[in-house]
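work30.cif follows (mmCIF, C-alpha atoms and all ligand atoms):
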```cif
data_start
loop_
_atom_site.group_PDB
_atom_site.id
_atom_site.type_symbol
_atom_site.label_atom_id
_atom_site.label_comp_id
_atom_site.auth_asym_id
_atom_site.auth_seq_id
_atom_site.Cartn_x
_atom_site.Cartn_y
_atom_site.Cartn_z
ATOM 1 C CA MET M 1 20.006 -28.888 -2.915
ATOM 2 C CA THR M 2 23.228 -26.872 -2.665
ATOM 3 C CA ASP M 3 23.953 -23.349 -3.875
ATOM 4 C CA ASN M 4 25.905 -24.545 -6.899
ATOM 5 C CA LYS M 5 22.870 -26.480 -8.155
ATOM 6 C CA LYS M 6 20.319 -23.720 -8.515
ATOM 7 C CA ASN M 7 16.775 -24.187 -9.765
ATOM 8 C CA THR M 8 15.932 -22.592 -13.093
ATOM 9 C CA LEU M 9 14.317 -19.229 -12.493
ATOM 10 C CA GLN M 10 13.027 -17.865 -15.746
ATOM 11 C CA HIS M 11 9.768 -16.351 -14.613
ATOM 12 C CA ILE M 12 8.617 -14.695 -11.363
ATOM 13 C CA ALA M 13 4.977 -13.665 -10.912
ATOM 14 C CA ILE M 14 4.094 -11.279 -8.084
ATOM 15 C CA ILE M 15 0.830 -10.349 -6.357
ATOM 16 C CA MET M 16 1.628 -6.843 -5.130
ATOM 17 C CA ASP M 17 -0.461 -6.642 -1.966
ATOM 18 C CA GLY M 18 -0.480 -4.328 1.045
ATOM 19 C CA ASN M 19 -0.467 -0.835 -0.486
ATOM 20 C CA GLY M 20 -3.626 0.166 1.418
ATOM 21 C CA ARG M 21 -2.308 -1.092 4.769
ATOM 22 C CA TRP M 22 1.036 0.638 4.203
ATOM 23 C CA ALA M 23 -0.802 3.953 3.776
ATOM 24 C CA THR M 24 -3.293 3.423 6.626
ATOM 25 C CA LYS M 25 -0.429 2.650 9.039
ATOM 26 C CA ARG M 26 0.941 6.109 8.265
ATOM 27 C CA GLY M 27 -2.413 7.914 8.401
ATOM 28 C CA LEU M 28 -2.256 8.516 4.648
ATOM 29 C CA PRO M 29 -4.937 7.999 1.951
ATOM 30 C CA ARG M 30 -4.825 4.573 0.241
ATOM 31 C CA LEU M 31 -3.634 6.170 -2.973
ATOM 32 C CA ALA M 32 -0.390 7.215 -1.255
ATOM 33 C CA GLY M 33 0.261 3.477 -0.768
ATOM 34 C CA HIS M 34 -0.360 2.801 -4.461
ATOM 35 C CA LYS M 35 2.047 5.633 -5.382
ATOM 36 C CA LYS M 36 4.785 4.184 -3.190
ATOM 37 C CA GLY M 37 3.893 0.738 -4.616
ATOM 38 C CA ALA M 38 4.438 2.081 -8.121
ATOM 39 C CA GLU M 39 7.961 3.150 -7.075
ATOM 40 C CA ALA M 40 8.578 -0.390 -5.800
ATOM 41 C CA VAL M 41 7.601 -1.687 -9.272
ATOM 42 C CA LYS M 42 10.634 0.087 -10.773
ATOM 43 C CA ILE M 43 13.003 -1.077 -8.023
ATOM 44 C CA VAL M 44 11.889 -4.716 -8.159
ATOM 45 C CA THR M 45 11.875 -4.771 -11.990
ATOM 46 C CA GLU M 46 15.528 -3.682 -12.086
ATOM 47 C CA ALA M 47 16.434 -6.136 -9.299
ATOM 48 C CA ALA M 48 14.784 -9.022 -11.170
ATOM 49 C CA ALA M 49 16.601 -8.135 -14.404
ATOM 50 C CA GLU M 50 19.928 -7.931 -12.509
ATOM 51 C CA ALA M 51 19.208 -11.365 -11.002
ATOM 52 C CA GLY M 52 18.917 -12.784 -14.535
ATOM 53 C CA VAL M 53 15.158 -13.381 -14.465
ATOM 54 C CA LYS M 54 13.734 -13.320 -18.019
ATOM 55 C CA TYR M 55 10.036 -12.714 -17.249
ATOM 56 C CA LEU M 56 8.443 -10.746 -14.415
ATOM 57 C CA THR M 57 4.642 -10.642 -14.263
ATOM 58 C CA LEU M 58 3.046 -8.142 -11.873
ATOM 59 C CA TYR M 59 -0.623 -8.077 -10.820
ATOM 60 C CA ALA M 60 -1.397 -4.353 -11.046
ATOM 61 C CA PHE M 61 -5.218 -4.441 -11.249
ATOM 62 C CA SER M 62 -7.603 -7.378 -11.169
ATOM 63 C CA THR M 63 -11.025 -7.664 -12.817
ATOM 64 C CA GLU M 64 -12.390 -7.694 -9.240
ATOM 65 C CA ASN M 65 -10.592 -4.417 -8.404
ATOM 66 C CA TRP M 66 -13.159 -2.559 -10.583
ATOM 67 C CA GLN M 67 -15.496 -3.000 -7.596
ATOM 68 C CA ARG M 68 -13.384 -0.731 -5.350
ATOM 69 C CA SER M 69 -14.631 2.818 -4.642
ATOM 70 C CA PRO M 70 -14.754 5.108 -7.698
ATOM 71 C CA GLU M 71 -12.241 7.332 -5.901
ATOM 72 C CA GLU M 72 -9.698 4.503 -5.606
ATOM 73 C CA VAL M 73 -10.309 3.171 -9.142
ATOM 74 C CA ASN M 74 -9.954 6.671 -10.647
ATOM 75 C CA GLY M 75 -6.853 7.299 -8.551
ATOM 76 C CA LEU M 76 -5.264 4.046 -9.756
ATOM 77 C CA MET M 77 -6.156 4.818 -13.390
ATOM 78 C CA SER M 78 -4.648 8.285 -13.163
ATOM 79 C CA LEU M 79 -1.524 6.831 -11.549
ATOM 80 C CA LEU M 80 -1.357 4.364 -14.435
ATOM 81 C CA ARG M 81 -1.737 7.187 -17.008
ATOM 82 C CA ASP M 82 1.243 9.020 -15.469
ATOM 83 C CA TYR M 83 3.221 5.809 -15.249
ATOM 84 C CA LEU M 84 2.638 5.001 -18.924
ATOM 85 C CA LYS M 85 4.006 8.419 -19.909
ATOM 86 C CA THR M 86 7.062 8.521 -17.639
ATOM 87 C CA ASP M 87 8.111 5.543 -15.517
ATOM 88 C CA PHE M 88 7.614 2.856 -18.175
ATOM 89 C CA LYS M 89 9.965 4.913 -20.386
ATOM 90 C CA GLU M 90 12.657 4.623 -17.699
ATOM 91 C CA ILE M 91 12.088 0.868 -17.515
ATOM 92 C CA GLN M 92 12.112 0.557 -21.308
ATOM 93 C CA GLU M 93 15.445 2.431 -21.522
ATOM 94 C CA LYS M 94 16.971 -0.301 -19.385
ATOM 95 C CA GLY M 95 16.382 -2.855 -22.141
ATOM 96 C CA VAL M 96 13.140 -4.300 -20.768
ATOM 97 C CA ARG M 97 10.289 -5.416 -23.013
ATOM 98 C CA ILE M 98 6.867 -4.402 -21.661
ATOM 99 C CA ARG M 99 3.616 -6.195 -22.373
ATOM 100 C CA PHE M 100 0.162 -6.229 -20.840
ATOM 101 C CA ILE M 101 -2.324 -9.016 -20.149
ATOM 102 C CA GLY M 102 -5.977 -8.616 -19.216
ATOM 103 C CA GLU M 103 -9.308 -7.341 -20.466
ATOM 104 C CA ARG M 104 -8.361 -4.260 -22.468
ATOM 105 C CA HIS M 105 -11.945 -3.403 -23.421
ATOM 106 C CA MET M 106 -12.608 -2.441 -19.778
ATOM 107 C CA LEU M 107 -9.892 0.242 -19.857
ATOM 108 C CA ALA M 108 -10.163 3.818 -21.201
ATOM 109 C CA SER M 109 -9.142 4.085 -24.854
ATOM 110 C CA ASP M 110 -6.311 6.578 -24.223
ATOM 111 C CA ILE M 111 -4.762 4.125 -21.738
ATOM 112 C CA VAL M 112 -5.053 1.230 -24.214
ATOM 113 C CA GLU M 113 -3.411 3.371 -26.926
ATOM 114 C CA GLU M 114 -0.430 4.112 -24.654
ATOM 115 C CA MET M 115 -0.169 0.426 -23.707
ATOM 116 C CA GLU M 116 -0.085 -0.617 -27.357
ATOM 117 C CA LYS M 117 2.508 2.051 -28.126
ATOM 118 C CA ILE M 118 4.809 0.814 -25.349
ATOM 119 C CA GLU M 119 4.351 -2.813 -26.423
ATOM 120 C CA LYS M 120 5.378 -1.912 -29.985
ATOM 121 C CA GLN M 121 8.302 0.279 -28.903
ATOM 122 C CA THR M 122 9.794 -2.402 -26.649
ATOM 123 C CA ILE M 123 9.173 -5.471 -28.793
ATOM 124 C CA ASN M 124 12.904 -5.951 -29.518
ATOM 125 C CA ASN M 125 14.121 -5.403 -25.934
ATOM 126 C CA ASP M 126 15.488 -8.717 -24.732
ATOM 127 C CA ARG M 127 17.036 -8.137 -21.303
ATOM 128 C CA MET M 128 13.791 -9.135 -19.556
ATOM 129 C CA THR M 129 10.051 -9.051 -20.248
ATOM 130 C CA LEU M 130 7.912 -7.133 -17.753
ATOM 131 C CA CYS M 131 4.334 -8.306 -18.066
ATOM 132 C CA ILE M 132 1.717 -6.156 -16.341
ATOM 133 C CA ALA M 133 -1.583 -7.866 -15.511
ATOM 134 C CA LEU M 134 -4.148 -5.102 -15.817
ATOM 135 C CA SER M 135 -7.881 -5.631 -15.548
ATOM 136 C CA TYR M 136 -6.799 -9.256 -15.407
ATOM 137 C CA GLY M 137 -8.769 -12.257 -14.145
ATOM 138 C CA SER M 138 -7.592 -15.800 -14.679
ATOM 139 C CA ARG M 139 -11.023 -17.422 -14.853
ATOM 140 C CA GLN M 140 -12.041 -14.851 -17.479
ATOM 141 C CA GLU M 141 -8.840 -15.650 -19.408
ATOM 142 C CA ILE M 142 -9.616 -19.385 -19.315
ATOM 143 C CA VAL M 143 -13.226 -18.817 -20.414
ATOM 144 C CA GLN M 144 -12.159 -16.697 -23.416
ATOM 145 C CA ALA M 145 -9.696 -19.459 -24.395
ATOM 146 C CA ALA M 146 -12.501 -22.048 -24.222
ATOM 147 C CA ARG M 147 -14.692 -19.772 -26.377
ATOM 148 C CA LYS M 148 -11.974 -19.432 -29.022
ATOM 149 C CA ILE M 149 -11.554 -23.207 -29.137
ATOM 150 C CA ALA M 150 -15.339 -23.770 -29.319
ATOM 151 C CA THR M 151 -15.519 -21.307 -32.238
ATOM 152 C CA LEU M 152 -12.747 -23.147 -34.118
ATOM 153 C CA ALA M 153 -14.506 -26.473 -33.524
ATOM 154 C CA LYS M 154 -17.878 -25.098 -34.621
ATOM 155 C CA ARG M 155 -16.292 -23.834 -37.848
ATOM 156 C CA GLY M 156 -14.867 -27.319 -38.397
ATOM 157 C CA ASP M 157 -11.270 -26.022 -38.212
ATOM 158 C CA ILE M 158 -10.368 -28.424 -35.372
ATOM 159 C CA LEU M 159 -11.654 -31.708 -33.952
ATOM 160 C CA PRO M 160 -12.371 -32.181 -30.203
ATOM 161 C CA GLU M 161 -9.381 -34.553 -29.994
ATOM 162 C CA ASP M 162 -7.072 -31.793 -31.298
ATOM 163 C CA VAL M 163 -7.607 -29.897 -28.042
ATOM 164 C CA ASP M 164 -4.579 -30.469 -25.817
ATOM 165 C CA ILE M 165 -2.516 -28.623 -23.205
ATOM 166 C CA LYS M 166 -0.378 -26.882 -25.820
ATOM 167 C CA MET M 167 -3.385 -25.654 -27.806
ATOM 168 C CA PHE M 168 -5.128 -24.422 -24.663
ATOM 169 C CA SER M 169 -1.986 -22.596 -23.450
ATOM 170 C CA ASP M 170 -1.684 -20.894 -26.833
ATOM 171 C CA MET M 171 -5.172 -19.410 -26.424
ATOM 172 C CA LEU M 172 -4.237 -17.662 -23.159
ATOM 173 C CA TYR M 173 -2.979 -14.056 -22.888
ATOM 174 C CA THR M 174 0.366 -15.481 -21.730
ATOM 175 C CA LYS M 175 1.036 -17.455 -24.906
ATOM 176 C CA ASP M 176 4.742 -17.324 -25.818
ATOM 177 C CA MET M 177 5.687 -16.958 -22.134
ATOM 178 C CA PRO M 178 7.042 -19.797 -19.985
ATOM 179 C CA ASP M 179 4.947 -20.661 -16.915
ATOM 180 C CA PRO M 180 5.975 -18.891 -13.685
ATOM 181 C CA ASP M 181 8.583 -20.804 -11.657
ATOM 182 C CA LEU M 182 7.930 -18.730 -8.550
ATOM 183 C CA VAL M 183 4.846 -16.847 -7.351
ATOM 184 C CA ILE M 184 5.348 -14.238 -4.628
ATOM 185 C CA ARG M 185 2.571 -12.560 -2.658
ATOM 186 C CA SER M 186 3.445 -9.671 -0.385
ATOM 187 C CA SER M 187 1.762 -8.476 2.829
ATOM 188 C CA GLY M 188 1.293 -11.860 4.542
ATOM 189 C CA GLU M 189 -1.938 -12.832 2.743
ATOM 190 C CA GLN M 190 -1.970 -16.408 1.472
ATOM 191 C CA ARG M 191 -4.358 -16.473 -1.479
ATOM 192 C CA ILE M 192 -4.064 -16.753 -5.264
ATOM 193 C CA SER M 193 -6.893 -14.254 -6.033
ATOM 194 C CA ASN M 194 -7.735 -15.325 -9.587
ATOM 195 C CA TYR M 195 -4.099 -14.941 -10.751
ATOM 196 C CA LEU M 196 -2.592 -17.159 -13.492
ATOM 197 C CA LEU M 197 -4.509 -20.231 -12.294
ATOM 198 C CA TRP M 198 -3.617 -22.350 -15.333
ATOM 199 C CA GLN M 199 -0.016 -21.145 -15.541
ATOM 200 C CA VAL M 200 0.984 -21.813 -11.895
ATOM 201 C CA ALA M 201 0.334 -25.572 -12.067
ATOM 202 C CA TYR M 202 3.917 -26.387 -10.960
ATOM 203 C CA ALA M 203 5.076 -23.049 -9.539
ATOM 204 C CA GLU M 204 6.683 -22.624 -6.136
ATOM 205 C CA PHE M 205 4.923 -20.180 -3.786
ATOM 206 C CA TYR M 206 6.418 -17.643 -1.400
ATOM 207 C CA PHE M 207 4.278 -15.553 0.954
ATOM 208 C CA SER M 208 6.225 -12.574 2.266
ATOM 209 C CA PRO M 209 5.114 -10.509 5.281
ATOM 210 C CA VAL M 210 6.615 -7.370 3.684
ATOM 211 C CA LEU M 211 4.019 -4.857 2.436
ATOM 212 C CA TRP M 212 4.469 -4.177 -1.293
ATOM 213 C CA PRO M 213 5.548 -0.498 -0.954
ATOM 214 C CA ASP M 214 8.446 -1.690 1.264
ATOM 215 C CA PHE M 215 9.600 -4.353 -1.229
ATOM 216 C CA ASN M 216 13.127 -3.746 -2.549
ATOM 217 C CA LYS M 217 16.131 -5.486 -4.088
ATOM 218 C CA GLU M 218 17.136 -7.161 -0.795
ATOM 219 C CA THR M 219 13.600 -8.515 -0.232
ATOM 220 C CA LEU M 220 13.557 -10.003 -3.724
ATOM 221 C CA ASN M 221 17.064 -11.453 -3.527
ATOM 222 C CA ALA M 222 16.310 -13.144 -0.183
ATOM 223 C CA ILE M 223 13.243 -14.809 -1.728
ATOM 224 C CA ILE M 224 15.268 -15.949 -4.761
ATOM 225 C CA GLU M 225 17.831 -17.417 -2.363
ATOM 226 C CA ASP M 226 15.057 -19.360 -0.586
ATOM 227 C CA TYR M 227 13.724 -20.585 -3.952
ATOM 228 C CA ASN M 228 17.197 -21.770 -4.990
ATOM 229 C CA HIS M 229 17.157 -24.218 -2.076
ATOM 230 C CA ARG M 230 13.796 -25.755 -2.899
ATOM 231 C CA GLU M 231 13.463 -29.172 -4.443
ATOM 232 C CA ARG M 232 11.189 -29.027 -7.480
ATOM 233 C CA ARG M 233 9.878 -32.415 -8.534
ATOM 234 C CA TYR M 234 6.992 -31.649 -10.943
ATOM 235 C CA GLY M 235 5.046 -34.594 -9.561
ATOM 236 C CA LYS M 236 7.921 -37.058 -10.049
ATOM 237 C CA ALA M 237 9.264 -39.146 -7.171
HETATM 238 C C1 LIG M 301 -3.037 -4.355 -3.671
HETATM 239 O O1 LIG M 301 -2.912 -3.633 -2.470
HETATM 240 C C2 LIG M 301 -2.572 -3.533 -4.766
HETATM 241 C C3 LIG M 301 -3.335 -3.136 -5.812
HETATM 242 C C4 LIG M 301 -4.756 -3.497 -5.974
HETATM 243 C C5 LIG M 301 -2.785 -2.267 -6.863
HETATM 244 C C6 LIG M 301 -1.372 -2.526 -7.251
HETATM 245 C C7 LIG M 301 -0.878 -1.311 -7.886
HETATM 246 C C8 LIG M 301 0.361 -0.793 -7.781
HETATM 247 C C9 LIG M 301 1.487 -1.478 -7.120
HETATM 248 C C10 LIG M 301 0.684 0.538 -8.328
HETATM 249 C C11 LIG M 301 0.381 0.726 -9.762
HETATM 250 C C12 LIG M 301 1.212 -0.121 -10.637
HETATM 251 C C13 LIG M 301 1.611 0.251 -11.843
HETATM 252 C C14 LIG M 301 2.335 -0.704 -12.710
HETATM 253 C C15 LIG M 301 1.363 1.612 -12.345
HETATM 254 P P1 LIG M 301 -4.227 -3.335 -1.650
HETATM 255 O O2 LIG M 301 -4.733 -1.992 -2.067
HETATM 256 O O3 LIG M 301 -5.215 -4.455 -1.800
HETATM 257 O O4 LIG M 301 -3.657 -3.291 -0.190
HETATM 258 P P2 LIG M 301 -4.419 -3.683 1.153
HETATM 259 O O5 LIG M 301 -4.731 -5.168 1.068
HETATM 260 O O6 LIG M 301 -3.410 -3.363 2.199
HETATM 261 O O7 LIG M 301 -5.652 -2.824 1.239
#
```

Now, as a test, write the supplied structure out as structure tokens.
Amino acid sequence: MTDNKKNTLQHIAIIMDGNGRWATKRGLPRLAGHKKGAEAVKIVTEAAAEAGVKYLTLYAFSTENWQRSPEEVNGLMSLLRDYLKTDFKEIQEKGVRIRFIGERHMLASDIVEEMEKIEKQTINNDRMTLCIALSYGSRQEIVQAARKIATLAKRGDILPEDVDIKMFSDMLYTKDMPDPDLVIRSSGEQRISNYLLWQVAYAEFYFSPVLWPDFNKETLNAIIEDYNHRERRYGKA
């Protein structure tokens, strides 16, 4: 494929990995890595919007991350509180819509209130959608979709044969969003870690050795350039 025949790139999903290692390498506490990682969120969000990407989904906290030390979990939650009050405002002023996916009932109520406020305030922003996966687990998302469908069937609202890919997709947190075209994981790890399992059925994958706090516009643009040269076939010959 040549440069003048680029692949569509509507949606990038990123697993932001390597904050802890970035900090440890510098003799700093892990939270210092998360703080620098939060700065990278702003830089990469703007770079994605400038590149014409319409959806950027970032894995900020997984359902499994609740098992980290109370010190790290509390540190991340307090970082998130600050971010909701300041940095998301900066992002929102650049025309970006912000939404959240994940298990909200696990989060503190003041955090959920701020999230809902930002979602409402940015609903008409159409430059790009930034979707933050927070307390998110893909298997949990799929199970809650199956439960919703089972409830509808039990009530007699749908028949088993009504259940199809479209209906199932519409029961996921990501309904109304196109599937990711490209999934990026930073820090050299090559795992999917319970992230968007249903949605990545035909996504391209890119594993970058760069630790998330070091990610910037150049890192992202180089990955987009690599993606543009891939041949996507969606199972066709
Ligand atoms: C993975 O690195 C990163 C996380 C679990 C948290 C990601 C959070 C941020 C980038 C900052 C907060 C974001 C927002 C939107 C406020 P790791 O800790 O697993 O790194 P390691 O594998 O090197 O230990």

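Picked out by the PyMOL selection byres (((not hetatm)) within 7 of (chain M and resi 301)) when it runs on this file: M:Met16, M:Asp17, M:Gly18, M:Asn19, M:Gly20, M:Arg21, M:Trp22, M:Arg30, M:His34, M:Lys35, M:Gly37, M:Ala38, M:Val41, M:Tyr59, M:Ala60, M:Phe61, M:Asn65, M:Leu76, M:Leu79, M:Leu80, M:Tyr83, M:Ile132.
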
9 Å contact set for Tyr202 of chain M, all atoms listed in the file, chain neighbours under 6 positions out, as a PyMOL selection string: chain M and resi 179-182+232-235

Residues matched by the PyMOL selection byres (((chain M and resi 131) around 8) and not hetatm) as number ranges by chain: M: 55-58, 98-101, 129-130, 132-133

Might you spell out which residues the PyMOL selection byres (((chain M and resi 172) around 12) and not hetatm) would select in the displayed file, as a PyMOL selection string? chain M and resi 101-103+136-149+165-171+173-179+196-199

Kindly indicate which residue among M:Gln10, M:Gln92, M:Ser78, M:Thr45 lies nearest to Asn216 of chain M, using only C-alpha atoms for the distances. M:Thr45

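Our summary of the geometry notes that atom CA of Ile14 of chain M is positioned 4.7 Å from atom CA of Ile184 of chain M.
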
Skipping near chain neighbours, those fewer than 2 positions away, what residues fall within 12 Å of Arg81 of chain M using only C-alpha atoms, listed as a ChimeraX atom specification? /M:38,74-79,83-88,107-115

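Using all atoms listed in the file, the nearest neighbour of Thr24 of chain M within the list M:Gln67, M:Arg97, M:Leu211, M:Ala51 is M:Leu211.
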
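Picture a line from atom CA of Ala32 of chain M to atom CA of Asp82 of chain M; it runs 14.4 Å.
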
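If only C-alpha atoms are the atoms counted, then among M:Val183, M:Thr122, M:Leu9, M:Glu189 the closest residue to Ala201 of chain M is M:Val183.
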
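From atom CA of Lys94 of chain M back to atom CA of Phe207 of chain M, the distance works out to 28.4 Å.
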
So which residues touch Arg191 of chain M within 10 Å, counting only C-alpha atoms, skipping near sequence neighbours fewer than 3 positions away, as a list in words? Ile15, Arg185, Gly188, Asn194, Tyr195 and Phe207 of chain M

Of the candidates M:Pro70, M:Tyr206, M:Asp162, M:Ala13, which one gets nearest to Glu225 of chain M if we count all atoms listed in the file? M:Tyr206

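For the set M:Val73, M:Ile158, M:Ile223, M:Met106, the residue with the smallest atom-to-atom gap to Ser186 of chain M is M:Ile223, counting only C-alpha atoms.
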
Is it possible to add N, CA, C and O atoms to segment 191-213 of chain M and hand it back as a short mmCIF file (atom, residue, chain, number, x, y, z; two decimals), in the frame of the given file?
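So result.cif came out as:
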```cif
data_model
loop_
_atom_site.label_atom_id
_atom_site.label_comp_id
_atom_site.auth_asym_id
_atom_site.auth_seq_id
_atom_site.Cartn_x
_atom_site.Cartn_y
_atom_site.Cartn_z
N ARG M 191 -3.29 -16.15 -0.51
CA ARG M 191 -4.36 -16.47 -1.48
C ARG M 191 -3.80 -16.31 -2.88
O ARG M 191 -2.83 -15.60 -3.09
N ILE M 192 -4.51 -16.89 -3.88
CA ILE M 192 -4.06 -16.75 -5.26
C ILE M 192 -4.90 -15.70 -6.03
O ILE M 192 -4.45 -15.18 -7.05
N SER M 193 -6.09 -15.38 -5.51
CA SER M 193 -6.89 -14.25 -6.03
C SER M 193 -7.03 -14.19 -7.55
O SER M 193 -6.79 -13.14 -8.17
N ASN M 194 -7.41 -15.31 -8.15
CA ASN M 194 -7.74 -15.32 -9.59
C ASN M 194 -6.54 -14.91 -10.47
O ASN M 194 -6.70 -14.23 -11.47
N TYR M 195 -5.33 -15.33 -10.05
CA TYR M 195 -4.10 -14.94 -10.75
C TYR M 195 -3.47 -16.15 -11.43
O TYR M 195 -3.08 -17.12 -10.75
N LEU M 196 -3.37 -16.16 -12.73
CA LEU M 196 -2.59 -17.16 -13.49
C LEU M 196 -2.86 -18.60 -13.06
O LEU M 196 -1.94 -19.40 -12.92
N LEU M 197 -4.15 -18.92 -12.86
CA LEU M 197 -4.51 -20.23 -12.29
C LEU M 197 -3.98 -21.40 -13.13
O LEU M 197 -3.50 -22.40 -12.60
N TRP M 198 -4.10 -21.29 -14.44
CA TRP M 198 -3.62 -22.35 -15.33
C TRP M 198 -2.09 -22.42 -15.30
O TRP M 198 -1.49 -23.49 -15.23
N GLN M 199 -1.47 -21.23 -15.35
CA GLN M 199 -0.02 -21.14 -15.54
C GLN M 199 0.78 -21.57 -14.31
O GLN M 199 1.96 -21.90 -14.43
N VAL M 200 0.19 -21.54 -13.11
CA VAL M 200 0.98 -21.81 -11.90
C VAL M 200 0.93 -23.29 -11.48
O VAL M 200 1.30 -23.62 -10.35
N ALA M 201 0.53 -24.15 -12.40
CA ALA M 201 0.33 -25.57 -12.07
C ALA M 201 1.51 -26.18 -11.29
O ALA M 201 1.30 -26.95 -10.36
N TYR M 202 2.75 -25.82 -11.65
CA TYR M 202 3.92 -26.39 -10.96
C TYR M 202 4.82 -25.32 -10.34
O TYR M 202 5.99 -25.58 -10.02
N ALA M 203 4.26 -24.13 -10.12
CA ALA M 203 5.08 -23.05 -9.54
C ALA M 203 5.33 -23.28 -8.06
O ALA M 203 4.56 -23.96 -7.37
N GLU M 204 6.42 -22.70 -7.57
CA GLU M 204 6.68 -22.62 -6.14
C GLU M 204 6.03 -21.34 -5.62
O GLU M 204 5.97 -20.33 -6.34
N PHE M 205 5.57 -21.36 -4.37
CA PHE M 205 4.92 -20.18 -3.79
C PHE M 205 5.74 -19.61 -2.63
O PHE M 205 6.32 -20.37 -1.87
N TYR M 206 5.75 -18.29 -2.53
CA TYR M 206 6.42 -17.64 -1.40
C TYR M 206 5.52 -16.51 -0.91
O TYR M 206 5.17 -15.61 -1.66
N PHE M 207 5.12 -16.59 0.37
CA PHE M 207 4.28 -15.55 0.95
C PHE M 207 5.15 -14.71 1.88
O PHE M 207 5.65 -15.22 2.88
N SER M 208 5.34 -13.45 1.50
CA SER M 208 6.22 -12.57 2.27
C SER M 208 5.40 -11.65 3.16
O SER M 208 4.39 -11.11 2.72
N PRO M 209 5.85 -11.43 4.41
CA PRO M 209 5.11 -10.51 5.28
C PRO M 209 5.31 -9.04 4.90
O PRO M 209 4.57 -8.16 5.35
N VAL M 210 6.29 -8.76 4.04
CA VAL M 210 6.62 -7.37 3.68
C VAL M 210 5.48 -6.76 2.86
O VAL M 210 4.98 -7.39 1.92
N LEU M 211 5.05 -5.55 3.22
CA LEU M 211 4.02 -4.86 2.44
C LEU M 211 4.65 -4.39 1.12
O LEU M 211 5.82 -3.99 1.09
N TRP M 212 3.87 -4.44 0.03
CA TRP M 212 4.47 -4.18 -1.29
C TRP M 212 5.26 -2.86 -1.36
O TRP M 212 6.38 -2.84 -1.89
N PRO M 213 4.76 -1.75 -0.81
CA PRO M 213 5.55 -0.50 -0.95
C PRO M 213 6.93 -0.59 -0.31
O PRO M 213 7.82 0.18 -0.65
#
```
